[in-house]
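> Contents of upload_5.tsv (TSV, C-alpha atoms) are below:
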```
chain	number	residue	atom	x	y	z
A	1	MET	CA	-90.48	47.35	-93.24
A	2	SER	CA	-90.29	43.59	-93.66
A	3	ASP	CA	-90.63	41.27	-96.61
A	4	SER	CA	-94.12	40.29	-95.48
A	5	LYS	CA	-97.14	42.41	-96.33
A	6	SER	CA	-99.11	40.91	-93.44
A	7	THR	CA	-96.44	41.99	-90.96
A	8	ASP	CA	-96.19	45.45	-92.54
A	9	LEU	CA	-99.95	45.94	-92.39
A	10	ILE	CA	-99.96	45.15	-88.67
A	11	HIS	CA	-96.73	46.96	-87.72
A	12	HIS	CA	-96.93	49.87	-90.15
A	13	PRO	CA	-94.74	52.77	-88.99
A	14	TYR	CA	-97.04	55.59	-90.08
A	15	GLN	CA	-98.60	57.65	-87.28
A	16	ALA	CA	-101.21	60.28	-88.16
A	17	PRO	CA	-100.59	63.84	-86.93
A	18	GLY	CA	-102.04	64.40	-83.48
A	19	ASP	CA	-103.41	67.92	-83.84
A	20	PHE	CA	-106.77	67.07	-85.44
A	21	GLU	CA	-109.73	68.82	-83.78
A	22	SER	CA	-113.44	68.83	-84.55
A	23	PRO	CA	-116.72	69.09	-82.58
A	24	VAL	CA	-116.81	65.30	-82.28
A	25	VAL	CA	-114.81	63.50	-79.62
A	26	PRO	CA	-112.63	60.80	-81.25
A	27	VAL	CA	-113.80	57.23	-80.70
A	28	CYS	CA	-110.94	55.28	-79.15
A	29	LYS	CA	-111.45	51.51	-79.17
A	30	GLY	CA	-109.24	48.88	-77.67
A	31	SER	CA	-109.10	46.03	-75.23
A	32	THR	CA	-105.30	45.87	-75.43
A	33	VAL	CA	-103.48	49.10	-74.58
A	34	TYR	CA	-99.81	49.34	-75.57
A	35	PHE	CA	-97.09	50.23	-73.06
A	36	PRO	CA	-93.83	51.78	-74.30
A	37	ASN	CA	-91.75	49.67	-71.91
A	38	MET	CA	-91.96	47.43	-68.85
A	39	ALA	CA	-91.47	50.29	-66.45
A	40	ALA	CA	-94.64	51.91	-67.80
A	41	LEU	CA	-96.55	48.63	-67.55
A	42	ARG	CA	-95.59	48.27	-63.90
A	43	GLN	CA	-96.11	51.90	-62.91
A	44	ARG	CA	-99.27	53.02	-64.69
A	45	GLN	CA	-102.37	53.50	-62.55
A	46	TRP	CA	-105.89	53.72	-63.95
A	47	VAL	CA	-108.01	54.49	-60.87
A	48	ASP	CA	-107.12	58.21	-60.90
A	49	LYS	CA	-107.54	58.29	-64.71
A	50	SER	CA	-104.00	59.56	-65.20
A	51	ALA	CA	-103.08	56.77	-67.62
A	52	TYR	CA	-104.42	53.90	-69.72
A	53	THR	CA	-103.87	50.24	-68.86
A	54	TYR	CA	-106.68	48.16	-70.37
A	55	GLY	CA	-109.87	48.84	-72.28
A	56	LEU	CA	-112.17	48.10	-69.33
A	57	HIS	CA	-110.27	50.63	-67.24
A	58	GLY	CA	-110.92	53.51	-69.61
A	59	THR	CA	-110.02	55.16	-72.90
A	60	PRO	CA	-109.80	58.82	-73.93
A	61	THR	CA	-113.42	58.54	-75.10
A	62	THR	CA	-114.82	57.14	-71.85
A	63	PHE	CA	-112.73	59.47	-69.70
A	64	THR	CA	-114.11	62.42	-71.67
A	65	LEU	CA	-117.73	61.35	-71.14
A	66	GLU	CA	-117.09	60.75	-67.45
A	67	ALA	CA	-115.60	64.23	-67.06
A	68	ARG	CA	-118.53	65.88	-68.81
A	69	LEU	CA	-121.05	63.92	-66.74
A	70	ALA	CA	-119.24	64.99	-63.57
A	71	THR	CA	-119.82	68.58	-64.64
A	72	LEU	CA	-123.49	67.84	-65.36
A	73	GLU	CA	-124.07	66.17	-61.99
A	74	GLY	CA	-121.95	68.59	-59.97
A	75	ALA	CA	-119.62	65.73	-58.99
A	76	GLN	CA	-115.88	65.09	-59.05
A	77	HIS	CA	-115.81	61.46	-60.14
A	78	VAL	CA	-117.93	59.35	-62.51
A	79	LEU	CA	-117.97	55.67	-63.47
A	80	LEU	CA	-119.76	54.37	-66.56
A	81	ALA	CA	-121.87	51.20	-66.41
A	82	PRO	CA	-123.72	49.17	-69.04
A	83	SER	CA	-127.15	50.36	-67.82
A	84	GLY	CA	-128.81	52.38	-65.10
A	85	LEU	CA	-129.65	49.19	-63.22
A	86	SER	CA	-126.04	48.01	-63.40
A	87	ALA	CA	-124.98	51.37	-61.92
A	88	ILE	CA	-127.34	50.72	-59.00
A	89	THR	CA	-125.89	47.23	-58.67
A	90	VAL	CA	-122.30	48.53	-58.53
A	91	VAL	CA	-123.27	50.79	-55.63
A	92	ASN	CA	-125.08	48.02	-53.74
A	93	MET	CA	-122.33	45.46	-54.22
A	94	GLY	CA	-119.52	47.90	-53.55
A	95	LEU	CA	-120.90	49.24	-50.26
A	96	LEU	CA	-122.76	46.35	-48.60
A	97	LYS	CA	-121.80	43.04	-47.03
A	98	ALA	CA	-123.60	40.24	-45.16
A	99	GLY	CA	-125.30	41.59	-42.06
A	100	ASP	CA	-125.81	45.09	-43.49
A	101	THR	CA	-129.20	46.61	-44.22
A	102	LEU	CA	-130.31	48.59	-47.25
A	103	LEU	CA	-133.20	51.08	-47.19
A	104	LEU	CA	-135.35	51.70	-50.25
A	105	PRO	CA	-138.28	54.08	-50.71
A	106	ASP	CA	-141.49	52.19	-51.39
A	107	ASN	CA	-141.89	54.11	-54.67
A	108	VAL	CA	-138.40	53.21	-55.90
A	109	TYR	CA	-137.65	51.84	-59.38
A	110	ASN	CA	-139.08	48.33	-59.07
A	111	PRO	CA	-136.01	46.39	-60.32
A	112	SER	CA	-134.15	47.82	-57.30
A	113	LYS	CA	-136.67	46.08	-55.03
A	114	ASP	CA	-136.30	42.87	-56.99
A	115	PHE	CA	-132.50	42.91	-56.67
A	116	ALA	CA	-132.81	43.44	-52.91
A	117	ARG	CA	-135.41	40.69	-52.53
A	118	HIS	CA	-133.45	38.11	-54.47
A	119	GLU	CA	-129.69	38.47	-54.97
A	120	MET	CA	-128.96	40.66	-51.95
A	121	ALA	CA	-131.11	38.57	-49.64
A	122	ALA	CA	-129.24	35.47	-50.81
A	123	TRP	CA	-125.97	37.20	-49.84
A	124	GLY	CA	-127.21	37.92	-46.32
A	125	ILE	CA	-127.96	41.60	-46.93
A	126	GLY	CA	-131.29	42.77	-45.52
A	127	HIS	CA	-133.52	45.54	-46.79
A	128	ARG	CA	-136.42	47.63	-45.54
A	129	LEU	CA	-138.89	49.91	-47.30
A	130	TYR	CA	-139.88	53.36	-46.11
A	131	ASP	CA	-142.46	55.92	-47.19
A	132	ALA	CA	-140.47	58.62	-48.97
A	133	MET	CA	-143.20	61.18	-48.34
A	134	GLN	CA	-142.90	60.71	-44.56
A	135	PRO	CA	-139.43	61.44	-43.11
A	136	GLU	CA	-140.55	59.83	-39.84
A	137	SER	CA	-141.04	56.56	-41.76
A	138	LEU	CA	-137.39	56.75	-42.78
A	139	ALA	CA	-136.35	57.60	-39.22
A	140	GLN	CA	-138.13	54.52	-37.88
A	141	ALA	CA	-136.34	52.28	-40.40
A	142	LEU	CA	-132.84	53.49	-39.52
A	143	ASP	CA	-130.54	51.64	-37.14
A	144	GLU	CA	-126.85	50.78	-36.80
A	145	THR	CA	-127.06	48.03	-39.45
A	146	VAL	CA	-128.17	50.45	-42.19
A	147	LYS	CA	-125.19	51.19	-44.43
A	148	LEU	CA	-126.90	52.47	-47.58
A	149	VAL	CA	-130.06	54.55	-48.08
A	150	TRP	CA	-131.50	55.06	-51.54
A	151	LEU	CA	-133.55	58.13	-52.47
A	152	GLU	CA	-135.56	58.65	-55.63
A	153	ALA	CA	-137.00	61.97	-56.74
A	154	PRO	CA	-139.68	61.83	-57.88
A	155	GLY	CA	-140.99	58.32	-57.20
A	156	SER	CA	-141.05	55.83	-60.03
A	157	VAL	CA	-144.26	56.00	-62.13
A	158	THR	CA	-146.34	57.85	-59.50
A	159	LEU	CA	-143.99	60.85	-59.39
A	160	GLU	CA	-144.42	61.85	-55.74
A	161	PHE	CA	-141.71	64.40	-54.94
A	162	PRO	CA	-140.19	63.91	-51.47
A	163	ASP	CA	-138.67	66.46	-49.12
A	164	LEU	CA	-135.10	65.57	-50.07
A	165	PRO	CA	-133.36	67.88	-47.57
A	166	ALA	CA	-135.47	66.43	-44.75
A	167	LEU	CA	-134.67	62.87	-45.79
A	168	VAL	CA	-130.94	63.59	-45.99
A	169	ARG	CA	-131.03	65.36	-42.63
A	170	THR	CA	-132.80	62.39	-41.06
A	171	VAL	CA	-130.14	59.96	-42.25
A	172	ARG	CA	-127.27	62.22	-41.14
A	173	GLU	CA	-128.78	62.52	-37.66
A	174	LYS	CA	-130.00	58.95	-37.11
A	175	ALA	CA	-127.50	56.86	-39.07
A	176	PRO	CA	-124.32	58.83	-39.82
A	177	GLN	CA	-122.58	55.63	-40.91
A	178	ALA	CA	-124.94	55.26	-43.90
A	179	VAL	CA	-124.12	56.36	-47.44
A	180	ILE	CA	-126.93	58.28	-49.14
A	181	ALA	CA	-127.50	57.51	-52.82
A	182	LEU	CA	-129.97	59.15	-55.18
A	183	ASP	CA	-131.34	57.92	-58.49
A	184	ASN	CA	-131.05	61.20	-60.38
A	185	THR	CA	-132.27	59.99	-63.76
A	186	TRP	CA	-135.43	62.15	-63.72
A	187	GLY	CA	-133.52	65.28	-62.67
A	188	ALA	CA	-130.80	64.57	-65.25
A	189	GLY	CA	-128.42	66.90	-63.42
A	190	LEU	CA	-130.58	69.83	-64.55
A	191	ALA	CA	-133.66	69.97	-62.31
A	192	PHE	CA	-131.75	70.39	-59.02
A	193	ASP	CA	-128.29	70.02	-57.51
A	194	ALA	CA	-128.24	66.68	-55.72
A	195	PHE	CA	-124.91	67.35	-54.03
A	196	ALA	CA	-126.03	70.67	-52.53
A	197	LEU	CA	-129.61	70.48	-51.30
A	198	GLY	CA	-129.24	73.41	-48.92
A	199	GLU	CA	-128.00	73.92	-45.36
A	200	GLY	CA	-124.84	71.98	-46.12
A	201	LEU	CA	-126.89	68.94	-47.12
A	202	GLY	CA	-126.33	66.79	-50.14
A	203	VAL	CA	-126.27	63.15	-51.16
A	204	ASP	CA	-123.08	61.11	-51.24
A	205	LEU	CA	-123.57	59.73	-54.73
A	206	THR	CA	-125.98	59.65	-57.63
A	207	ILE	CA	-126.73	57.17	-60.33
A	208	HIS	CA	-128.04	58.21	-63.71
A	209	ALA	CA	-129.62	56.01	-66.38
A	210	LEU	CA	-127.86	57.59	-69.35
A	211	THR	CA	-130.22	55.44	-71.42
A	212	LYS	CA	-132.78	58.20	-70.88
A	213	TYR	CA	-132.12	61.93	-71.40
A	214	PRO	CA	-128.33	62.01	-72.01
A	215	SER	CA	-128.68	59.45	-74.80
A	216	GLY	CA	-131.87	61.05	-76.08
A	217	GLY	CA	-132.32	58.67	-78.99
A	218	GLY	CA	-133.81	55.57	-77.44
A	219	ASP	CA	-130.93	53.54	-78.85
A	220	VAL	CA	-128.30	53.36	-76.07
A	221	LEU	CA	-128.13	51.43	-72.80
A	222	MET	CA	-125.76	53.00	-70.27
A	223	GLY	CA	-125.58	54.21	-66.70
A	224	SER	CA	-123.29	56.21	-64.46
A	225	VAL	CA	-122.30	56.56	-60.82
A	226	ALA	CA	-121.19	60.03	-59.68
A	227	CYS	CA	-119.72	61.20	-56.38
A	228	ARG	CA	-117.50	63.89	-54.87
A	229	ASP	CA	-115.55	61.89	-52.30
A	230	THR	CA	-112.37	60.32	-53.67
A	231	ALA	CA	-112.27	57.45	-51.17
A	232	LEU	CA	-115.86	56.53	-52.00
A	233	TYR	CA	-115.10	56.73	-55.71
A	234	GLU	CA	-112.07	54.46	-55.43
A	235	LYS	CA	-114.03	51.88	-53.44
A	236	LEU	CA	-116.71	51.78	-56.12
A	237	ALA	CA	-114.13	51.86	-58.94
A	238	TRP	CA	-112.46	48.70	-57.65
A	239	THR	CA	-115.83	46.94	-57.39
A	240	HIS	CA	-116.62	48.13	-60.90
A	241	SER	CA	-113.28	46.73	-62.10
A	242	ARG	CA	-113.66	43.37	-60.36
A	243	LEU	CA	-117.12	42.96	-61.91
A	244	GLY	CA	-115.56	43.47	-65.33
A	245	LEU	CA	-118.04	46.14	-66.37
A	246	GLY	CA	-117.47	48.06	-69.56
A	247	VAL	CA	-119.35	50.13	-72.12
A	248	GLY	CA	-119.05	50.14	-75.90
A	249	ALA	CA	-117.09	52.97	-77.47
A	250	ASN	CA	-119.75	53.60	-80.09
A	251	ASP	CA	-122.41	53.92	-77.39
A	252	VAL	CA	-120.18	56.41	-75.56
A	253	GLU	CA	-119.86	58.31	-78.83
A	254	LEU	CA	-123.64	58.57	-79.14
A	255	VAL	CA	-124.04	59.93	-75.61
A	256	LEU	CA	-121.21	62.42	-76.15
A	257	ARG	CA	-122.82	63.54	-79.41
A	258	ASN	CA	-126.22	64.10	-77.79
A	259	LEU	CA	-125.05	65.55	-74.47
A	260	PRO	CA	-124.71	69.18	-75.72
A	261	SER	CA	-128.39	69.23	-76.70
A	262	LEU	CA	-129.56	67.75	-73.38
A	263	PRO	CA	-130.64	71.07	-71.80
A	264	LEU	CA	-132.62	72.01	-74.92
A	265	ARG	CA	-134.35	68.64	-75.20
A	266	TYR	CA	-135.06	68.47	-71.47
A	267	ALA	CA	-136.62	71.94	-71.50
A	268	ALA	CA	-138.75	71.14	-74.55
A	269	GLN	CA	-140.03	67.87	-73.10
A	270	ASP	CA	-140.62	69.53	-69.73
A	271	ALA	CA	-142.72	72.29	-71.34
A	272	ALA	CA	-144.68	69.78	-73.42
A	273	ALA	CA	-145.40	67.55	-70.41
A	274	ARG	CA	-146.65	70.52	-68.36
A	275	ARG	CA	-149.03	71.55	-71.11
A	276	ILE	CA	-150.37	68.02	-71.52
A	277	ALA	CA	-150.69	67.63	-67.74
A	278	ALA	CA	-152.73	70.83	-67.48
A	279	TRP	CA	-154.99	69.69	-70.33
A	280	ALA	CA	-155.42	66.20	-68.85
A	281	GLN	CA	-156.67	67.71	-65.59
A	282	THR	CA	-159.75	68.94	-67.45
A	283	GLN	CA	-160.71	65.51	-68.81
A	284	PRO	CA	-163.54	63.68	-67.00
A	285	GLN	CA	-162.06	60.25	-67.72
A	286	VAL	CA	-158.97	61.15	-65.65
A	287	ALA	CA	-159.35	61.11	-61.87
A	288	ARG	CA	-155.99	62.70	-61.16
A	289	VAL	CA	-152.83	63.81	-62.98
A	290	LEU	CA	-149.55	63.10	-61.27
A	291	HIS	CA	-146.87	65.63	-62.23
A	292	PRO	CA	-144.68	67.46	-59.68
A	293	ALA	CA	-145.36	70.90	-61.17
A	294	LEU	CA	-149.12	70.59	-60.61
A	295	PRO	CA	-150.20	72.16	-57.28
A	296	ASP	CA	-152.27	69.14	-56.23
A	297	SER	CA	-149.68	66.51	-57.18
A	298	PRO	CA	-148.06	64.78	-54.16
A	299	GLY	CA	-144.99	66.67	-53.01
A	300	HIS	CA	-145.54	69.71	-55.24
A	301	ALA	CA	-144.33	72.08	-52.51
A	302	HIS	CA	-141.09	70.11	-52.13
A	303	TRP	CA	-140.57	70.22	-55.89
A	304	ALA	CA	-141.27	73.96	-56.04
A	305	ALA	CA	-138.80	74.68	-53.23
A	306	LEU	CA	-135.96	72.74	-54.85
A	307	CYS	CA	-136.37	72.37	-58.59
A	308	ARG	CA	-135.89	74.42	-61.70
A	309	ALA	CA	-137.54	71.93	-64.08
A	310	ALA	CA	-139.80	68.88	-64.15
A	311	ALA	CA	-138.73	66.53	-66.97
A	312	GLY	CA	-141.14	65.04	-69.53
A	313	LEU	CA	-143.08	62.48	-67.50
A	314	LEU	CA	-146.65	62.51	-66.23
A	315	THR	CA	-149.02	59.81	-65.03
A	316	LEU	CA	-152.77	59.69	-65.48
A	317	GLU	CA	-154.79	58.02	-62.75
A	318	MET	CA	-157.81	56.89	-64.71
A	319	ASP	CA	-161.32	57.08	-63.27
A	320	PRO	CA	-161.96	53.84	-61.31
A	321	ARG	CA	-165.05	53.13	-63.40
A	322	PHE	CA	-162.73	51.97	-66.19
A	323	SER	CA	-161.42	48.41	-65.93
A	324	ALA	CA	-157.79	47.51	-66.54
A	325	ALA	CA	-158.82	45.91	-69.83
A	326	GLN	CA	-160.53	49.12	-70.93
A	327	VAL	CA	-157.44	51.16	-70.09
A	328	ASP	CA	-155.29	48.68	-72.02
A	329	SER	CA	-157.59	49.22	-75.00
A	330	PHE	CA	-157.21	52.99	-74.60
A	331	VAL	CA	-153.42	52.65	-74.75
A	332	ASP	CA	-153.63	50.22	-77.69
A	333	GLY	CA	-155.64	52.76	-79.65
A	334	LEU	CA	-153.19	55.64	-79.36
A	335	GLN	CA	-151.48	56.55	-82.62
A	336	ARG	CA	-148.76	59.01	-81.60
A	337	PHE	CA	-147.80	57.24	-78.37
A	338	ARG	CA	-145.96	53.96	-78.76
A	339	ILE	CA	-146.05	51.22	-76.13
A	340	GLY	CA	-142.65	50.58	-74.60
A	341	TRP	CA	-140.40	50.91	-71.57
A	342	SER	CA	-137.90	53.69	-70.92
A	343	TRP	CA	-138.22	57.39	-71.68
A	344	GLY	CA	-136.21	60.44	-72.66
A	345	GLY	CA	-136.17	59.74	-76.40
A	346	PRO	CA	-137.87	61.54	-79.29
A	347	VAL	CA	-140.91	59.22	-79.40
A	348	SER	CA	-143.71	59.54	-76.84
A	349	LEU	CA	-144.54	56.37	-74.90
A	350	ALA	CA	-147.53	55.13	-72.88
A	351	VAL	CA	-147.62	52.20	-70.44
A	352	PRO	CA	-150.42	51.23	-68.00
A	353	TYR	CA	-149.77	50.12	-64.40
A	354	GLN	CA	-151.93	48.81	-61.61
A	355	GLY	CA	-151.47	51.47	-58.93
A	356	GLY	CA	-152.71	49.38	-56.02
A	357	ALA	CA	-150.17	46.63	-56.70
A	358	MET	CA	-147.14	48.91	-56.88
A	359	ARG	CA	-146.68	49.65	-53.18
A	360	LYS	CA	-145.96	47.39	-50.21
A	361	LEU	CA	-146.77	50.04	-47.58
A	362	GLY	CA	-150.22	50.83	-48.94
A	363	SER	CA	-151.31	52.68	-52.07
A	364	PRO	CA	-153.58	55.75	-52.43
A	365	TYR	CA	-154.23	54.99	-56.10
A	366	ARG	CA	-157.62	53.49	-56.92
A	367	GLY	CA	-157.67	53.55	-60.71
A	368	THR	CA	-155.36	52.14	-63.33
A	369	LEU	CA	-152.36	54.37	-63.95
A	370	VAL	CA	-151.05	55.33	-67.39
A	371	ARG	CA	-147.54	56.75	-67.47
A	372	LEU	CA	-146.88	59.06	-70.39
A	373	CYS	CA	-143.33	59.80	-71.48
A	374	ILE	CA	-143.42	62.87	-73.69
A	375	GLY	CA	-141.14	62.92	-76.70
A	376	LEU	CA	-140.46	65.64	-79.24
A	377	GLU	CA	-143.62	65.49	-81.34
A	378	ALA	CA	-145.87	68.53	-81.72
A	379	VAL	CA	-147.84	68.92	-78.50
A	380	ASP	CA	-151.11	69.58	-80.33
A	381	ASP	CA	-150.77	66.23	-82.10
A	382	LEU	CA	-150.20	64.42	-78.80
A	383	ILE	CA	-153.19	66.10	-77.16
A	384	ALA	CA	-155.41	65.27	-80.15
A	385	ASP	CA	-154.32	61.63	-79.94
A	386	LEU	CA	-155.09	61.46	-76.21
A	387	ALA	CA	-158.43	63.24	-76.68
A	388	ALA	CA	-159.49	60.74	-79.34
A	389	GLY	CA	-158.44	57.86	-77.13
A	390	LEU	CA	-160.37	59.18	-74.12
A	391	ALA	CA	-163.45	59.65	-76.30
A	392	ARG	CA	-163.21	56.02	-77.43
A	393	LEU	CA	-162.82	54.98	-73.80
A	394	ASP	CA	-166.12	56.71	-73.04
A	395	GLY	CA	-167.79	55.05	-76.04
A	396	ARG	CA	-168.00	58.24	-78.05
```
Please express the file's structure as structure tokens.

Amino acid sequence: MSDSKSTDLIHHPYQAPGDFESPVVPVCKGSTVYFPNMAALRQRQWVDKSAYTYGLHGTPTTFTLEARLATLEGAQHVLLAPSGLSAITVVNMGLLKAGDTLLLPDNVYNPSKDFARHEMAAWGIGHRLYDAMQPESLAQALDETVKLVWLEAPGSVTLEFPDLPALVRTVREKAPQAVIALDNTWGAGLAFDAFALGEGLGVDLTIHALTKYPSGGGDVLMGSVACRDTALYEKLAWTHSRLGLGVGANDVELVLRNLPSLPLRYAAQDAAARRIAAWAQTQPQVARVLHPALPDSPGHAHWAALCRAAAGLLTLEMDPRFSAAQVDSFVDGLQRFRIGWSWGGPVSLAVPYQGGAMRKLGSPYRGTLVRLCIGLEAVDDLIADLAAGLARLDGR
């Protein structure tokens, strides 16, 4: 102890006992990480997660979440990113250089297209779109310049479920140099095993918007990159490090707290969405319901062959007789559904889209689309809200 209280408060000798255990993972915060001596400073490595060097390189809290997410995804390695889109960006920037080509499904998450059209194009990286529902479309887009192929199952908003094994097989046969990446946010590591799609097939890596189901509260922004190959992981980890990406310890705490209930919440929202989808099929104001578990939804057979669940999303293709303004009014009038982006939280959401404007390779959707993200409210209340809204839409 010194004669200065300020020094004693900073360099206090007391250390709490280390054998405290509870259901909650401790929240470890720190940019600076102490080293016991210079030898430790020079020898510690962070890439293999065997030691701590700096806050951006990991803490006990982030390492714990990464390990649990690896179990969820069926992977060996996981990196955390500030959002799902930043996880996609880490993969693109870590694996591509000028002269390379990126392939994206036409029904991919739209910000992925925007990043390819703008930043990646400016860096000399080309991209092509393919029809995820037609493996031959993917085959035609592949050549020796393709170094990364993105898959998405199901497609963003319109929820077409592709033949994932066929797409993976096509890439392996036509462009073995390409890395195959899957946005697995919808599947959440629960609907299917992305790293073992059958017949020895599997993707090379997945990204997951932890903002959605793992967070579960609508109050966290975070993403992850998962893979099995150590060399691939280390390549991405160094890109991740050079970009200076980090996540807040309190956000990690929230995901860790909610992760144990993920299977229960996912199952409840899946069951609720299926019930609402079946009801919506009977409504005359709805031309078609897009939901992979419905027999007439695009790619249903592929979903049925691969999946154990179907998440909590469905999209209503409204009858073409209703204008976009009328559909906007329908959404405005809903009481239980809030208007907002994202999904996976406790509150149900509704957002309209113009189906014909969403695809570059042609769209089969004639009416305005309304994506519904089902929360944890009572299903009867949600159906009553939708029924009242559809009645108003019809002038009743």
> Restricting the calculation to all atoms listed in the file, which member of A:Leu259, A:Ala271, A:Leu254, A:Leu221 is positioned closest to A:Gly84?
A:Leu221
> Hey, what's within 12 Å of A:Leu243 if we count only C-alpha atoms and toss same-chain stuff fewer than 5 positions away? As a VMD selection string, please?
chain A and resid 56 to 57 81 to 82 86 to 87 89 to 91 93 to 94 236 to 238
> I'd like the contact shell of A:Lys29 - 10 Å cut-off, all atoms listed in the file, skipping same-chain residues fewer than 3 positions apart - returned as number ranges by chain.
A: 26, 32-33, 55, 58-62, 248-250
> Quick one: write out the picked residues with C-alpha atoms as an mmCIF file, in the coordinates of the input?

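Wrote it out as part-v1.cif, contents follow:
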```
data_model
loop_
_atom_site.group_PDB
_atom_site.id
_atom_site.type_symbol
_atom_site.label_atom_id
_atom_site.label_comp_id
_atom_site.auth_asym_id
_atom_site.auth_seq_id
_atom_site.Cartn_x
_atom_site.Cartn_y
_atom_site.Cartn_z
ATOM 1 C CA PRO A 26 -112.630 60.800 -81.250
ATOM 2 C CA THR A 32 -105.300 45.870 -75.430
ATOM 3 C CA VAL A 33 -103.480 49.100 -74.580
ATOM 4 C CA GLY A 55 -109.870 48.840 -72.280
ATOM 5 C CA GLY A 58 -110.920 53.510 -69.610
ATOM 6 C CA THR A 59 -110.020 55.160 -72.900
ATOM 7 C CA PRO A 60 -109.800 58.820 -73.930
ATOM 8 C CA THR A 61 -113.420 58.540 -75.100
ATOM 9 C CA THR A 62 -114.820 57.140 -71.850
ATOM 10 C CA GLY A 248 -119.050 50.140 -75.900
ATOM 11 C CA ALA A 249 -117.090 52.970 -77.470
ATOM 12 C CA ASN A 250 -119.750 53.600 -80.090
#
```
> What's the 12 Å shell around A:Lys49, counting only C-alpha atoms, without same-chain residues fewer than 2 positions away, as a PyMOL selection string?
chain A and resi 44-47+51-54+57-64+66-67+77-79+233-234+237
> Could you dump the residues just selected with C-alpha atoms as a JSON list (two decimals), keeping the file's coordinate frame?

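Result file is selection05.json:
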```json
[["chain", "number", "residue", "atom", "x", "y", "z"],
["A", 44, "ARG", "CA", -99.27, 53.02, -64.69],
["A", 45, "GLN", "CA", -102.37, 53.50, -62.55],
["A", 46, "TRP", "CA", -105.89, 53.72, -63.95],
["A", 47, "VAL", "CA", -108.01, 54.49, -60.87],
["A", 51, "ALA", "CA", -103.08, 56.77, -67.62],
["A", 52, "TYR", "CA", -104.42, 53.90, -69.72],
["A", 53, "THR", "CA", -103.87, 50.24, -68.86],
["A", 54, "TYR", "CA", -106.68, 48.16, -70.37],
["A", 57, "HIS", "CA", -110.27, 50.63, -67.24],
["A", 58, "GLY", "CA", -110.92, 53.51, -69.61],
["A", 59, "THR", "CA", -110.02, 55.16, -72.90],
["A", 60, "PRO", "CA", -109.80, 58.82, -73.93],
["A", 61, "THR", "CA", -113.42, 58.54, -75.10],
["A", 62, "THR", "CA", -114.82, 57.14, -71.85],
["A", 63, "PHE", "CA", -112.73, 59.47, -69.70],
["A", 64, "THR", "CA", -114.11, 62.42, -71.67],
["A", 66, "GLU", "CA", -117.09, 60.75, -67.45],
["A", 67, "ALA", "CA", -115.60, 64.23, -67.06],
["A", 77, "HIS", "CA", -115.81, 61.46, -60.14],
["A", 78, "VAL", "CA", -117.93, 59.35, -62.51],
["A", 79, "LEU", "CA", -117.97, 55.67, -63.47],
["A", 233, "TYR", "CA", -115.10, 56.73, -55.71],
["A", 234, "GLU", "CA", -112.07, 54.46, -55.43],
["A", 237, "ALA", "CA", -114.13, 51.86, -58.94]]
```
> Rank A:Pro111, A:Pro260, A:Pro162, A:Gly223 by their smallest atom-to-atom distance to A:Thr211, using all atoms listed in the file, and report the top residue only.
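Nearest to A:Thr211: A:Gly223.
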> So which residues touch A:Ala132 within 8 Å, counting only C-alpha atoms, skipping near sequence neighbours fewer than 3 positions away, as a list in words?
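These residues fall inside the cut-off: Pro105, Asp106, Asn107, Pro135, Ser137, Leu138, Leu151, Pro162 and Leu167 of chain A.
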> Here is a test: counting all atoms listed in the file, which residue of A:Ala231, A:Leu314, A:Leu376, A:Ala309 is nearest to A:Ala268?
A:Leu376
> If I take atom CA of A:Leu103 and atom CA of A:Ala141, how far is one from the other in Å, to one decimal?
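If I compute the distance from atom CA of A:Leu103 to atom CA of A:Ala141, I get 7.6 Å.
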> Enclose all atoms of stretch 91-103 of chain A listed in the file in an axis-aligned box, grow every side by 6 Å, and hand back centre and edge lengths in Å to one decimal, as lines of an AutoDock Vina configuration file.

```
center_x = -126.4
center_y = 45.7
center_z = -48.8
size_x = 25.7
size_y = 22.8
size_z = 25.6
```
> Between atom CA of A:His302 and atom CA of A:Phe161, measure the distance and give it in Å to one decimal.
6.4 Å
